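final19.txt follows (compact mmCIF, C-alpha atoms):
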```
# COMPACT_ATOMS: atom_id res chain seq x y z
CA MET Q 622 -33.43 98.23 16.09
CA ALA Q 623 -32.49 100.21 19.18
CA CYS Q 624 -34.35 103.26 20.41
CA ASP Q 625 -37.50 102.55 18.42
CA ILE Q 626 -35.74 103.24 15.13
CA ALA Q 627 -38.03 100.71 13.48
CA ARG Q 628 -40.99 102.99 14.08
CA LEU Q 629 -39.11 106.02 12.74
CA TYR Q 630 -37.32 104.57 9.76
CA ASN Q 631 -39.02 103.58 6.54
CA GLU Q 632 -36.32 101.38 5.08
CA GLU Q 633 -37.82 101.25 1.60
CA ASN Q 634 -38.63 104.97 1.34
CA PRO Q 635 -36.63 106.96 3.91
CA GLU Q 636 -37.47 110.20 2.14
CA THR Q 637 -41.08 109.82 3.29
CA ASN Q 638 -40.10 110.80 6.82
CA GLY Q 639 -36.67 112.27 6.25
CA LEU Q 640 -34.67 109.74 8.29
CA TYR Q 641 -31.64 108.47 6.39
CA TYR Q 642 -29.37 105.61 7.41
CA HIS Q 643 -25.69 106.49 7.09
CA ASP Q 644 -23.83 103.25 6.58
CA GLY Q 645 -21.26 104.33 4.03
CA SER Q 646 -23.36 103.43 1.00
CA ILE Q 647 -25.09 106.74 0.28
CA MET Q 648 -22.90 108.10 -2.50
CA SER Q 649 -23.39 110.42 -5.39
CA ASP Q 650 -24.55 108.57 -8.48
CA THR Q 651 -23.38 111.44 -10.63
CA ALA Q 652 -19.84 112.16 -11.75
CA TYR Q 653 -19.15 115.75 -12.67
CA CYS Q 654 -16.81 116.96 -15.35
CA MET Q 655 -16.98 120.42 -13.86
CA TYR Q 656 -19.01 121.51 -10.85
CA GLU Q 657 -19.28 124.84 -9.07
CA GLU Q 658 -18.37 123.31 -5.71
CA ASN Q 659 -14.94 122.26 -6.99
CA ILE Q 660 -15.96 118.69 -7.70
CA VAL Q 661 -14.29 117.93 -11.00
CA LEU Q 662 -13.29 115.01 -13.15
CA SER Q 663 -9.66 115.04 -14.17
CA PHE Q 664 -7.68 112.56 -16.23
CA PRO Q 665 -4.00 111.63 -16.37
CA ASP Q 666 -1.99 114.16 -18.35
CA VAL Q 667 -5.12 116.24 -18.95
CA ALA Q 668 -6.01 119.27 -16.83
CA PRO Q 669 -9.48 119.32 -15.25
CA SER Q 670 -12.06 120.79 -17.58
CA THR Q 671 -12.89 124.46 -17.12
CA SER Q 672 -15.67 124.86 -19.67
CA ALA Q 673 -18.86 123.12 -20.72
CA GLU Q 674 -17.50 122.73 -24.23
CA ASP Q 675 -14.36 120.96 -23.04
CA CYS Q 676 -16.46 118.88 -20.71
CA GLN Q 677 -18.18 117.23 -23.66
CA ASN Q 678 -14.95 116.08 -25.25
CA VAL Q 679 -13.58 112.55 -25.05
CA TYR Q 680 -10.41 112.36 -22.98
CA TYR Q 681 -7.92 109.51 -23.12
CA GLY Q 682 -5.39 108.66 -20.46
CA MET Q 683 -3.78 105.49 -19.10
CA GLY Q 684 -5.72 103.57 -21.74
CA MET Q 685 -9.02 104.70 -20.21
CA TYR Q 686 -11.72 106.85 -21.68
CA ILE Q 687 -14.60 109.01 -20.53
CA ASP Q 688 -17.75 109.11 -22.60
CA ALA Q 689 -18.49 112.25 -24.62
CA THR Q 690 -21.97 112.50 -23.12
CA LEU Q 691 -20.67 114.12 -19.94
CA THR Q 692 -21.88 117.66 -19.45
CA THR Q 693 -21.71 120.17 -16.62
CA GLU Q 694 -25.01 118.72 -15.42
CA GLY Q 695 -23.34 115.35 -14.87
CA VAL Q 696 -24.19 111.91 -16.11
CA GLU Q 697 -25.34 108.92 -14.11
CA LEU Q 698 -22.60 106.32 -14.12
CA GLY Q 699 -23.97 103.84 -11.63
CA GLN Q 700 -21.97 102.47 -8.72
CA VAL Q 701 -18.47 103.85 -8.20
CA GLU Q 702 -15.79 101.53 -6.87
CA GLU Q 703 -12.08 101.68 -6.19
CA VAL Q 704 -9.84 99.91 -8.68
CA THR Q 705 -7.24 97.40 -7.47
CA TRP Q 706 -4.70 95.10 -9.09
CA ASP Q 707 -5.32 91.39 -8.54
CA SER Q 708 -1.75 90.10 -8.59
CA ALA Q 709 -2.83 86.45 -8.37
CA ASN Q 710 -4.75 86.68 -11.63
CA SER Q 711 -2.86 89.61 -13.16
CA VAL Q 712 -5.99 91.60 -13.78
CA CYS Q 713 -7.19 95.11 -13.00
CA GLU Q 714 -10.60 94.97 -11.36
CA THR Q 715 -13.00 96.87 -9.16
CA THR Q 716 -13.37 96.00 -5.50
CA SER Q 717 -16.41 93.87 -6.37
CA GLY Q 718 -14.35 91.89 -8.87
CA ILE Q 719 -15.48 93.38 -12.19
CA PRO Q 720 -12.57 93.49 -14.71
CA VAL Q 721 -11.60 96.91 -16.00
CA TYR Q 722 -11.16 97.33 -19.77
CA ASN Q 723 -10.10 100.26 -21.88
CA ASP Q 724 -11.95 101.64 -24.87
CA SER Q 725 -10.46 99.06 -27.23
CA GLU Q 726 -11.76 96.30 -24.95
CA THR Q 727 -8.32 95.23 -23.85
CA ALA Q 728 -7.42 94.59 -20.23
CA VAL Q 729 -5.88 97.43 -18.27
CA SER Q 730 -2.22 97.06 -17.31
CA GLN Q 731 -0.93 97.07 -13.74
CA GLU Q 732 0.72 100.47 -14.31
CA SER Q 733 -2.63 101.97 -15.29
CA CYS Q 734 -4.66 100.27 -12.57
CA SER Q 735 -5.33 103.01 -10.01
CA GLY Q 736 -8.08 105.39 -8.99
CA TYR Q 737 -11.81 104.70 -9.28
CA ALA Q 738 -14.08 103.15 -11.86
CA ALA Q 739 -17.74 103.81 -12.61
CA ILE Q 740 -19.66 100.65 -13.42
CA MET Q 741 -21.98 101.03 -16.37
CA ASN Q 742 -25.27 99.38 -15.44
CA GLU Q 743 -26.28 98.22 -18.90
CA ASN Q 744 -23.34 95.84 -19.51
CA GLU Q 745 -21.17 96.07 -16.41
CA SER Q 746 -18.34 97.62 -18.37
CA VAL Q 747 -16.32 100.23 -16.55
CA ILE Q 748 -14.50 103.44 -17.20
CA MET Q 749 -11.72 104.88 -15.07
CA VAL Q 750 -12.13 108.32 -13.53
CA ASN Q 751 -10.00 110.32 -11.17
CA VAL Q 752 -11.94 112.82 -9.10
CA GLY Q 753 -10.15 115.94 -7.85
CA SER Q 754 -7.03 114.75 -6.07
CA GLY Q 755 -7.59 111.21 -7.28
CA THR Q 756 -9.95 110.11 -4.53
CA MET Q 757 -13.72 109.98 -4.25
CA GLU Q 758 -13.74 111.91 -0.98
CA ASN Q 759 -15.30 115.04 -2.43
CA ILE Q 760 -18.43 113.31 -3.64
CA VAL Q 761 -19.01 110.87 -0.80
CA LEU Q 762 -22.31 111.97 0.72
CA ASP Q 763 -22.43 109.71 3.75
CA ALA Q 764 -21.13 110.33 7.25
CA GLU Q 765 -20.30 106.61 7.35
CA ASP Q 766 -21.05 106.49 11.08
CA TYR Q 767 -23.89 103.96 10.93
CA SER Q 768 -26.24 106.60 12.28
CA TYR Q 769 -29.79 107.54 11.40
CA ARG Q 770 -30.09 111.27 10.62
CA TYR Q 771 -33.08 113.40 9.82
CA ALA Q 772 -32.75 115.51 6.69
CA GLY Q 773 -34.98 117.72 4.60
CA ALA Q 774 -37.47 120.53 4.98
CA ASN Q 775 -39.59 119.52 7.97
CA PRO Q 776 -39.36 115.89 9.04
CA ASN Q 777 -41.55 114.55 11.81
CA ASN Q 778 -38.83 114.53 14.46
CA TYR Q 779 -40.31 116.53 17.36
CA VAL Q 780 -39.96 115.25 20.91
CA CYS Q 781 -41.43 116.61 24.13
CA PHE Q 782 -38.69 116.72 26.77
CA GLY Q 783 -38.89 118.19 30.25
CA SER Q 784 -42.67 118.14 30.55
CA ASP Q 785 -45.50 115.62 30.74
CA VAL Q 786 -48.12 118.26 29.96
CA THR Q 787 -50.38 117.90 26.91
CA PRO Q 788 -50.08 119.71 24.60
CA CYS Q 789 -46.33 119.98 25.00
CA PRO Q 790 -45.23 123.52 25.96
CA GLU Q 791 -43.20 125.17 23.20
CA ASP Q 792 -40.21 125.59 25.51
CA ASN Q 793 -40.13 121.80 25.87
CA LEU Q 794 -40.11 120.96 22.19
CA TYR Q 795 -36.92 119.37 20.88
CA ARG Q 796 -36.06 117.75 17.58
CA ILE Q 797 -34.16 114.55 16.85
CA ILE Q 798 -30.90 115.17 15.00
CA GLY Q 799 -30.47 111.43 14.68
CA VAL Q 800 -29.64 108.22 16.48
CA PHE Q 801 -25.98 107.42 17.07
CA ASP Q 802 -24.78 104.19 18.68
CA GLY Q 803 -28.26 103.56 20.01
CA GLN Q 804 -28.60 107.04 21.56
CA ILE Q 805 -31.10 109.64 20.43
CA LYS Q 806 -29.53 113.06 19.90
CA LEU Q 807 -31.79 116.06 20.51
CA ILE Q 808 -31.53 119.76 19.76
CA LYS Q 809 -33.87 122.34 21.24
CA ALA Q 810 -36.46 123.17 18.60
CA ASP Q 811 -36.19 126.91 19.24
CA TYR Q 812 -33.74 129.22 20.96
CA VAL Q 813 -33.10 129.81 24.65
CA THR Q 814 -33.86 132.68 26.99
CA SER Q 815 -31.75 134.03 29.83
CA ALA Q 816 -34.24 132.43 32.24
CA MET Q 817 -33.02 129.06 30.95
CA LEU Q 818 -29.27 129.66 30.74
CA GLY Q 819 -28.82 132.50 33.21
CA THR Q 820 -26.99 135.79 33.02
CA ASP Q 821 -24.03 134.91 35.24
CA GLY Q 822 -20.58 134.25 33.85
CA ARG Q 823 -18.60 136.38 31.44
CA ASP Q 824 -20.32 135.07 28.31
CA TYR Q 825 -23.88 136.35 28.63
CA ASN Q 826 -24.37 139.04 25.99
CA GLY Q 827 -27.97 140.22 26.33
CA THR Q 828 -30.85 139.64 23.93
CA TYR Q 829 -30.63 139.09 20.18
CA ASN Q 830 -30.52 142.41 18.34
CA ASP Q 831 -29.72 141.46 14.73
CA SER Q 832 -32.29 141.09 11.97
CA THR Q 833 -34.96 138.45 12.61
CA SER Q 834 -36.70 138.83 9.24
CA ASP Q 835 -35.84 135.22 8.32
CA TYR Q 836 -36.69 133.77 11.74
CA LYS Q 837 -38.73 130.55 11.43
CA GLY Q 838 -39.64 129.96 15.06
CA SER Q 839 -42.48 131.14 17.26
CA MET Q 840 -40.67 132.89 20.13
CA ASP Q 841 -40.98 136.53 20.99
CA THR Q 842 -37.66 137.49 19.40
CA SER Q 843 -37.08 140.19 22.00
CA ILE Q 844 -36.33 137.51 24.60
CA ILE Q 845 -33.96 135.31 22.57
CA ALA Q 846 -30.77 135.30 24.63
CA THR Q 847 -27.28 135.55 23.15
CA TYR Q 848 -24.02 134.28 24.56
CA ARG Q 849 -20.39 134.68 23.68
CA TRP Q 850 -18.78 131.38 22.76
CA ASN Q 851 -15.82 132.09 25.05
CA TYR Q 852 -14.79 135.57 26.14
CA ASP Q 853 -11.46 134.45 27.56
CA THR Q 854 -9.36 137.58 27.04
CA SER Q 855 -6.24 135.87 28.40
CA VAL Q 856 -6.00 134.25 24.96
CA SER Q 857 -6.85 137.32 22.88
CA ALA Q 858 -9.00 140.42 22.97
CA GLN Q 859 -11.38 138.56 20.63
CA GLY Q 860 -11.81 135.66 23.05
CA SER Q 861 -10.82 132.02 22.72
CA ASN Q 862 -12.00 128.98 20.76
CA ASN Q 863 -11.07 126.59 23.56
CA TRP Q 864 -14.38 125.03 24.61
CA ILE Q 865 -12.92 123.76 27.89
CA THR Q 866 -12.43 127.30 29.23
CA SER Q 867 -15.77 128.62 27.93
CA GLU Q 868 -18.09 129.79 30.70
CA PHE Q 869 -20.93 129.62 28.19
CA ASN Q 870 -20.16 125.90 28.25
CA THR Q 871 -19.42 125.30 31.91
CA ILE Q 872 -21.78 127.83 33.58
CA ASN Q 873 -24.62 128.63 31.20
CA LEU Q 874 -25.09 125.26 29.50
CA ASN Q 875 -23.77 122.63 31.88
CA THR Q 876 -24.75 124.30 35.15
CA ASN Q 877 -27.68 126.68 34.67
CA TYR Q 878 -29.44 124.90 31.82
CA TRP Q 879 -28.71 121.55 33.42
CA ASN Q 880 -30.39 122.71 36.62
CA TYR Q 881 -33.25 124.26 34.63
CA LEU Q 882 -34.07 120.80 33.22
CA GLY Q 883 -34.56 119.33 36.69
CA LEU Q 884 -33.36 116.13 38.35
CA ALA Q 885 -35.95 113.76 36.87
CA TRP Q 886 -35.08 114.77 33.30
CA GLN Q 887 -31.35 115.01 33.95
CA LYS Q 888 -31.40 111.27 34.59
CA LEU Q 889 -32.42 110.68 30.97
CA ILE Q 890 -29.41 112.55 29.53
CA ALA Q 891 -26.15 110.75 28.76
CA THR Q 892 -22.70 112.04 29.60
CA THR Q 893 -21.09 112.53 26.19
CA THR Q 894 -17.67 112.99 24.66
CA TRP Q 895 -17.91 115.99 22.34
CA HIS Q 896 -15.52 116.24 19.40
CA LEU Q 897 -13.70 119.57 19.10
CA GLY Q 898 -11.61 119.08 15.99
CA GLY Q 899 -11.28 122.25 13.96
CA MET Q 900 -11.48 123.26 10.34
CA THR Q 901 -9.75 126.14 8.60
CA SER Q 902 -12.56 127.18 6.27
CA SER Q 903 -16.33 127.02 5.83
CA ASN Q 904 -15.75 126.00 2.21
CA ASN Q 905 -16.07 122.31 2.95
CA ILE Q 906 -18.89 119.82 2.53
CA ALA Q 907 -20.63 118.05 5.44
CA LYS Q 908 -18.48 114.93 5.08
CA ALA Q 909 -15.26 116.95 5.35
CA PHE Q 910 -16.56 118.69 8.47
CA TYR Q 911 -17.64 115.38 9.96
CA ASP Q 912 -14.14 113.96 9.48
CA GLY Q 913 -12.45 117.16 10.65
CA GLU Q 914 -14.46 117.37 13.84
CA ARG Q 915 -13.26 113.91 14.78
CA ASN Q 916 -9.76 113.77 13.34
CA ASN Q 917 -8.35 117.28 13.12
CA ALA Q 918 -6.65 119.25 15.84
CA GLY Q 919 -8.00 122.53 17.10
CA TYR Q 920 -5.88 125.61 17.42
CA GLY Q 921 -2.53 125.14 19.16
CA ASN Q 922 -2.93 123.02 22.28
CA ASN Q 923 -6.72 123.21 22.43
CA PRO Q 924 -8.26 119.85 23.40
CA THR Q 925 -9.87 117.72 20.72
CA THR Q 926 -12.55 116.23 22.98
CA TYR Q 927 -14.58 117.33 25.99
CA THR Q 928 -16.87 115.28 28.20
CA ASP Q 929 -20.10 116.65 29.67
CA GLU Q 930 -23.85 116.47 29.18
CA ILE Q 931 -24.86 119.57 27.20
CA GLY Q 932 -23.25 120.78 23.99
CA LEU Q 933 -24.12 122.45 20.69
CA MET Q 934 -24.70 121.16 17.19
CA TYR Q 935 -21.74 120.16 15.07
CA THR Q 936 -21.26 121.90 11.76
CA SER Q 937 -21.72 118.49 10.12
CA ASP Q 938 -25.07 118.08 11.92
CA TYR Q 939 -26.27 121.22 10.20
CA GLY Q 940 -24.83 120.12 6.85
CA TYR Q 941 -26.51 116.71 6.96
CA ALA Q 942 -29.86 118.21 8.04
CA ALA Q 943 -30.22 119.57 4.50
CA ASN Q 944 -31.80 117.54 1.74
CA PRO Q 945 -29.25 114.98 0.48
CA ASP Q 946 -28.82 116.74 -2.85
CA ALA Q 947 -27.06 119.54 -0.92
CA TRP Q 948 -24.54 117.27 0.81
CA THR Q 949 -21.92 117.94 -1.86
CA THR Q 950 -22.31 121.70 -1.47
CA ASN Q 951 -19.84 123.61 0.67
CA LEU Q 952 -21.47 124.73 3.91
CA GLY Q 953 -20.20 128.21 3.16
CA SER Q 954 -22.65 128.20 0.24
CA TYR Q 955 -25.73 126.95 2.10
CA SER Q 956 -27.51 130.31 1.76
CA ASN Q 957 -29.17 129.20 -1.47
CA SER Q 958 -32.92 129.49 -0.84
CA THR Q 959 -33.49 125.94 -2.07
CA THR Q 960 -30.99 124.65 0.49
CA THR Q 961 -32.28 126.67 3.42
CA SER Q 962 -35.91 125.84 2.69
CA ASN Q 963 -34.97 122.15 2.71
CA ASN Q 964 -32.90 122.14 5.89
CA TRP Q 965 -34.99 121.71 9.03
CA MET Q 966 -32.14 122.96 11.25
CA TYR Q 967 -32.09 126.37 9.60
CA MET Q 968 -33.95 128.80 11.88
CA GLY Q 969 -33.09 132.19 10.37
CA VAL Q 970 -31.12 133.53 13.36
CA SER Q 971 -27.33 133.54 13.71
CA GLU Q 972 -26.32 130.79 16.14
CA TRP Q 973 -23.25 129.03 17.41
CA THR Q 974 -21.97 125.58 16.52
CA ILE Q 975 -19.50 123.73 18.74
CA THR Q 976 -16.86 123.58 15.99
CA PRO Q 977 -13.81 125.90 16.24
CA ARG Q 978 -11.88 127.33 13.36
CA SER Q 979 -8.43 125.85 13.79
CA SER Q 980 -6.37 128.45 11.94
CA TYR Q 981 -6.92 131.09 14.66
CA SER Q 982 -7.11 131.01 18.44
CA TYR Q 983 -10.37 132.96 18.69
CA THR Q 984 -12.72 132.12 15.79
CA VAL Q 985 -15.63 129.67 15.78
CA PHE Q 986 -18.13 128.57 13.13
CA ILE Q 987 -21.66 129.90 13.23
CA VAL Q 988 -24.73 129.31 11.10
CA ASN Q 989 -25.67 132.86 10.22
CA SER Q 990 -29.14 134.25 9.65
CA TYR Q 991 -28.87 133.60 5.89
CA GLY Q 992 -28.25 129.90 6.45
CA TYR Q 993 -24.62 129.51 5.44
CA LEU Q 994 -21.67 128.64 7.63
CA TYR Q 995 -19.34 131.44 8.60
CA ASN Q 996 -16.75 132.09 11.28
CA PHE Q 997 -16.75 134.84 13.86
CA ASN Q 998 -14.72 135.87 16.87
CA ALA Q 999 -15.62 133.98 20.03
CA TYR Q 1000 -16.41 137.21 21.89
CA TYR Q 1001 -19.43 137.97 19.68
CA GLY Q 1002 -22.86 137.20 21.08
CA TYR Q 1003 -25.13 134.82 19.15
CA ALA Q 1004 -28.16 132.66 19.82
CA ALA Q 1005 -27.85 129.01 20.78
CA ARG Q 1006 -29.78 125.77 20.93
CA PRO Q 1007 -28.65 123.19 23.50
CA VAL Q 1008 -27.91 119.69 22.24
CA PHE Q 1009 -27.67 116.45 24.20
CA TYR Q 1010 -27.90 112.67 23.88
CA LEU Q 1011 -30.45 110.55 25.69
CA GLU Q 1012 -29.41 107.49 27.63
CA SER Q 1013 -29.52 104.33 25.52
CA ASN Q 1014 -32.37 102.88 27.59
CA VAL Q 1015 -34.63 105.83 26.78
CA GLN Q 1016 -37.19 105.09 24.08
CA LEU Q 1017 -39.89 106.98 22.24
CA GLU Q 1018 -43.49 106.49 23.27
CA GLY Q 1019 -46.63 107.78 21.59
CA GLY Q 1020 -46.96 110.79 19.35
CA THR Q 1021 -46.45 111.10 15.63
CA GLY Q 1022 -43.41 113.40 15.66
CA ILE Q 1023 -45.17 116.52 14.40
CA SER Q 1024 -44.87 119.67 16.50
CA SER Q 1025 -48.47 119.47 17.73
CA ASP Q 1026 -48.13 115.76 18.57
CA PRO Q 1027 -44.48 115.16 19.45
CA TYR Q 1028 -42.98 111.87 20.50
CA ARG Q 1029 -42.97 111.28 24.23
CA ILE Q 1030 -40.12 109.44 25.91
CA VAL Q 1031 -39.86 106.80 28.58
CA ARG Q 1032 -36.97 105.12 30.36
CA VAL Q 1033 -37.01 101.37 29.82
CA VAL Q 1034 -35.88 99.39 32.86
CA THR Q 1035 -33.88 96.33 31.84
```
I'd like the structure from this file rewritten - as C-alpha cells, please.
Amino acid sequence: MACDIARLYNEENPETNGLYYHDGSIMSDTAYCMYEENIVLSFPDVAPSTSAEDCQNVYYGMGMYIDATLTTEGVELGQVEEVTWDSANSVCETTSGIPVYNDSETAVSQESCSGYAAIMNENESVIMVNVGSGTMENIVLDAEDYSYRYAGANPNNYVCFGSDVTPCPEDNLYRIIGVFDGQIKLIKADYVTSAMLGTDGRDYNGTYNDSTSDYKGSMDTSIIATYRWNYDTSVSAQGSNNWITSEFNTINLNTNYWNYLGLAWQKLIATTTWHLGGMTSSNNIAKAFYDGERNNAGYGNNPTTYTDEIGLMYTSDYGYAANPDAWTTNLGSYSNSTTTSNNWMYMGVSEWTITPRSSYSYTVFIVNSYGYLYNFNAYYGYAARPVFYLESNVQLEGGTGISSDPYRIVRVVT
C-alpha cells in the first residue's frame, strides 16, 4: 500500500484506529421506514409512511412485500443490491444473480423488476424496496473514491510538519484527513494566526471575537486570526463566492502561508486541483456534498476547479470525519452532541470550508461553533485551517500518531 497505509490501516478492525477504506462497499445495513433525516421507505402506489404505527404495517406493491417487523428504528436487511431483468433467462434478479420472488414465492415479472432488493441473510430470499426517489443514494455511506479517511472522536492521525524539533511544536501539528490516490492530505490541527497568514490583502478581518466556550484546541484564543472568504465587492456588497478571485486564497494562503512554511517543506507539498462545485443547502449528507463538490456547478460562471498548493477542507471532509453512524445525517444537523464529540475535525470555533453555496453569488459554507454546517456571506470573518496534499513520494516515519508523538515524514527518493 502506498504512503505507509499498511502501518495505519487495520484491515480487520478499522475502528480501532479510525481509518476507514472508502471503496464503495460501506453502506447502511439498515433500511428505514421513516427516518428524521428524510430517509424513508416508500412502495409503489403507497405513500411513504409518516408514523411509527403505519411503519409496522405490511405493504404490498408490484407483487413485493415488506415485512411487518420494520419500525422507525429500522431493521437489518443484509446486503442491498440493485434489481435487474435478465432477458436471456427471463428472470428478475439482483446484481449478484439472486432471483427475486414475491411473497407468494412466485417469480417477479419484468414489469415489476425495478428498484433495489434487500437480501435476507438466513435464506437468501429478497424483498423489493424503493428508497426515497427510488434510488439508494440517500443511504449510501461511502465516498466511493477508494480513499482512506480518518473518522471518529480522536484517531491517532497527528503529523509533525514544518519542524524537526522534538517534541513537535504545537504550531507544527497537523492531522491526516486521509489518503487519496496515494497522497496524504493534511489539515492544520489548530487554527492560524496573522503571523502565519499575514494581514495584507482585503480579506484579513482581525482576531476571532465570537464565543470560544466550545473551543477544543490549546491556542490562546485571543490570537486566532480570522479572514473573509472573499471580500470582492465588485460582485456584491456581501462579497463573492468565487475562490479564484479570493485574496484570502491567493495572498494569505498561497503566498504568505506558503512562504511561512519555508522552501524545504514546500517541496513536500503537491500542487492540487481543488473542486469548487457548489450546493444549495446544508441539508445534505456527506455523500451528497462529496458528489456536489465534484459534479455541480458553482454560482453563475464561477469556476468548478482551481489549481494551487494550499486550500481548505471540503464540506464532505468534515462530514466523513464523524463516526460512520452519522454519515446519513444532514450536515446541517451535525450539532448533536453525540456527533460533535465523535468528529475529530470539530474544533468548536466557526471556520470556513472551501465549498460555495451555489444558489447565491456571495455565500459559502462554514462549520459553525456548534458543529453543524451553515452558510454565511463571504465578507464575514471566520477562522481557518490550511489544508494541503503531500507529494506521493512522501511517507510517514516514526511516531505513533498521537499528539505527543506524531508521525514524522520523509521524502523517499526513487
Contact residues around Gln731 in chain Q with all atoms listed in the file at 7 Å, ignoring same-chain residues under 3 positions, as a compact mmCIF listing (two decimals) with C-alpha atoms, keeping the file's coordinate frame:
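The file below, selection15.txt, is the result:
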```
# COMPACT_ATOMS: atom_id res chain seq x y z
CA TRP Q 706 -4.70 95.10 -9.09
CA CYS Q 713 -7.19 95.11 -13.00
CA CYS Q 734 -4.66 100.27 -12.57
```
List the neighbours of Ser843 in chain Q out to 7 Å using all atoms listed in the file; skip same-chain residues closer than 2 positions along the sequence, and give me the result as an MDAnalysis selection string. chainID Q and resid 828:829 841 845
Take the residues just selected and output them with C-alpha atoms as a PDB file, in the frame of the given file.
```pdb
ATOM      1  CA  THR Q 828     -30.850 139.640  23.930  1.00  0.00           C
ATOM      2  CA  TYR Q 829     -30.630 139.090  20.180  1.00  0.00           C
ATOM      3  CA  ASP Q 841     -40.980 136.530  20.990  1.00  0.00           C
ATOM      4  CA  ILE Q 845     -33.960 135.310  22.570  1.00  0.00           C
TER       5      ILE Q 845
END
```
Can I get the residues of range 762-797 of chain Q within 12 Å of range 999-1015 of chain Q, each with the closest pair of atoms and their distance in Å to one decimal, using only C-alpha atoms, sorted chain first then ascending number, as JSON lines?
```
{"residue": "Q:Val780", "atom": "CA", "partner": "Q:Leu1011", "partner_atom": "CA", "distance": 11.6}
{"residue": "Q:Phe782", "atom": "CA", "partner": "Q:Leu1011", "partner_atom": "CA", "distance": 10.4}
{"residue": "Q:Asp792", "atom": "CA", "partner": "Q:Arg1006", "partner_atom": "CA", "distance": 11.4}
{"residue": "Q:Asn793", "atom": "CA", "partner": "Q:Pro1007", "partner_atom": "CA", "distance": 11.8}
{"residue": "Q:Leu794", "atom": "CA", "partner": "Q:Arg1006", "partner_atom": "CA", "distance": 11.5}
{"residue": "Q:Tyr795", "atom": "CA", "partner": "Q:Val1008", "partner_atom": "CA", "distance": 9.1}
{"residue": "Q:Arg796", "atom": "CA", "partner": "Q:Val1008", "partner_atom": "CA", "distance": 9.6}
{"residue": "Q:Ile797", "atom": "CA", "partner": "Q:Tyr1010", "partner_atom": "CA", "distance": 9.6}
```
Using all atoms listed in the file, the residue out of Q:Asn917, Q:Ser982, Q:Asn989, Q:Ser768 with shortest distance to Asn851 in chain Q is Q:Ser982
task = Using all atoms listed in the file, collect all residues at a distance of at most 7 Å from (-31.2, 117.0, 3.6) as written in the file, then present them as a PyMOL selection string.
result = chain Q and resi 772-773+941-947+963-964
Between CA of Ile1030 in chain Q and CA of Thr787 in chain Q lies a distance of 13.3 Å
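Among the candidates Q:Asn778, Q:Thr833, Q:Thr961, Q:Ser711, the one nearest to Lys809 in chain Q when counting only C-alpha atoms is Q:Asn778.
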Restricting to all atoms listed in the file, whichever of Q:Asn880, Q:Asn905, Q:Thr959, Q:Ser839 is closest to Ala810 in chain Q is Q:Ser839
Exercise. Excluding same-chain residues fewer than 3 positions from Leu933 in chain Q, what lies within 12 Å of it counting all atoms listed in the file, as a PyMOL selection string?
Worked result: chain Q and resi 798+806-809+812+850+864+869-870+874-875+893+895-897+929-930+936-939+972-977+986-988+1004-1010
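For the set Q:Val1031, Q:Ala816, Q:Val856, Q:Ile865, the residue with the smallest atom-to-atom gap to Gly1019 in chain Q is Q:Val1031, counting all atoms listed in the file.
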As a check of understanding: the span from CA of Trp886 in chain Q to CA of Arg1032 in chain Q is 10.3 Å
Nearest to Ala774 in chain Q, restricted to only C-alpha atoms and choosing among Q:Ala907, Q:Leu994, Q:Ile805, Q:Leu640, comes out as Q:Leu640
One decimal place gives the CA of Val970 in chain Q-CA of Asp835 in chain Q separation as 7.1 Å
Leu818 in chain Q proximity check over Q:Ser958, Q:Thr876, Q:Thr715, Q:Thr926, using only C-alpha atoms: winner is Q:Thr876
Rebuild range 848-859 of chain Q to N, CA and C atoms - output it as a PDB file, in the coordinates of the input, please.
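File written: selection.pdb
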```pdb
ATOM      1  N   TYR Q 848     -25.175 134.567  23.725  1.00  0.00           N
ATOM      2  CA  TYR Q 848     -24.020 134.280  24.560  1.00  0.00           C
ATOM      3  C   TYR Q 848     -22.759 134.311  23.718  1.00  0.00           C
ATOM      4  N   ARG Q 849     -21.692 134.791  24.319  1.00  0.00           N
ATOM      5  CA  ARG Q 849     -20.390 134.680  23.680  1.00  0.00           C
ATOM      6  C   ARG Q 849     -19.952 133.225  23.758  1.00  0.00           C
ATOM      7  N   TRP Q 850     -19.241 132.766  22.754  1.00  0.00           N
ATOM      8  CA  TRP Q 850     -18.780 131.380  22.760  1.00  0.00           C
ATOM      9  C   TRP Q 850     -17.735 131.177  23.859  1.00  0.00           C
ATOM     10  N   ASN Q 851     -16.830 132.129  23.984  1.00  0.00           N
ATOM     11  CA  ASN Q 851     -15.820 132.090  25.050  1.00  0.00           C
ATOM     12  C   ASN Q 851     -15.070 133.409  25.088  1.00  0.00           C
ATOM     13  N   TYR Q 852     -15.444 134.264  26.040  1.00  0.00           N
ATOM     14  CA  TYR Q 852     -14.790 135.570  26.140  1.00  0.00           C
ATOM     15  C   TYR Q 852     -13.608 135.489  27.102  1.00  0.00           C
ATOM     16  N   ASP Q 853     -12.682 134.615  26.769  1.00  0.00           N
ATOM     17  CA  ASP Q 853     -11.460 134.450  27.560  1.00  0.00           C
ATOM     18  C   ASP Q 853     -10.405 135.394  26.986  1.00  0.00           C
ATOM     19  N   THR Q 854     -10.285 136.567  27.574  1.00  0.00           N
ATOM     20  CA  THR Q 854      -9.360 137.580  27.040  1.00  0.00           C
ATOM     21  C   THR Q 854      -7.911 137.289  27.370  1.00  0.00           C
ATOM     22  N   SER Q 855      -7.640 136.244  28.161  1.00  0.00           N
ATOM     23  CA  SER Q 855      -6.240 135.870  28.400  1.00  0.00           C
ATOM     24  C   SER Q 855      -5.628 135.260  27.153  1.00  0.00           C
ATOM     25  N   VAL Q 856      -6.484 134.798  26.223  1.00  0.00           N
ATOM     26  CA  VAL Q 856      -6.000 134.250  24.960  1.00  0.00           C
ATOM     27  C   VAL Q 856      -5.857 135.359  23.929  1.00  0.00           C
ATOM     28  N   SER Q 857      -6.900 136.170  23.776  1.00  0.00           N
ATOM     29  CA  SER Q 857      -6.850 137.320  22.880  1.00  0.00           C
ATOM     30  C   SER Q 857      -7.992 138.254  23.229  1.00  0.00           C
ATOM     31  N   ALA Q 858      -7.929 139.464  22.723  1.00  0.00           N
ATOM     32  CA  ALA Q 858      -9.000 140.420  22.970  1.00  0.00           C
ATOM     33  C   ALA Q 858     -10.303 139.971  22.314  1.00  0.00           C
ATOM     34  N   GLN Q 859     -10.202 139.067  21.329  1.00  0.00           N
ATOM     35  CA  GLN Q 859     -11.380 138.560  20.630  1.00  0.00           C
ATOM     36  C   GLN Q 859     -11.942 137.283  21.273  1.00  0.00           C
TER      37      GLN Q 859
END
```
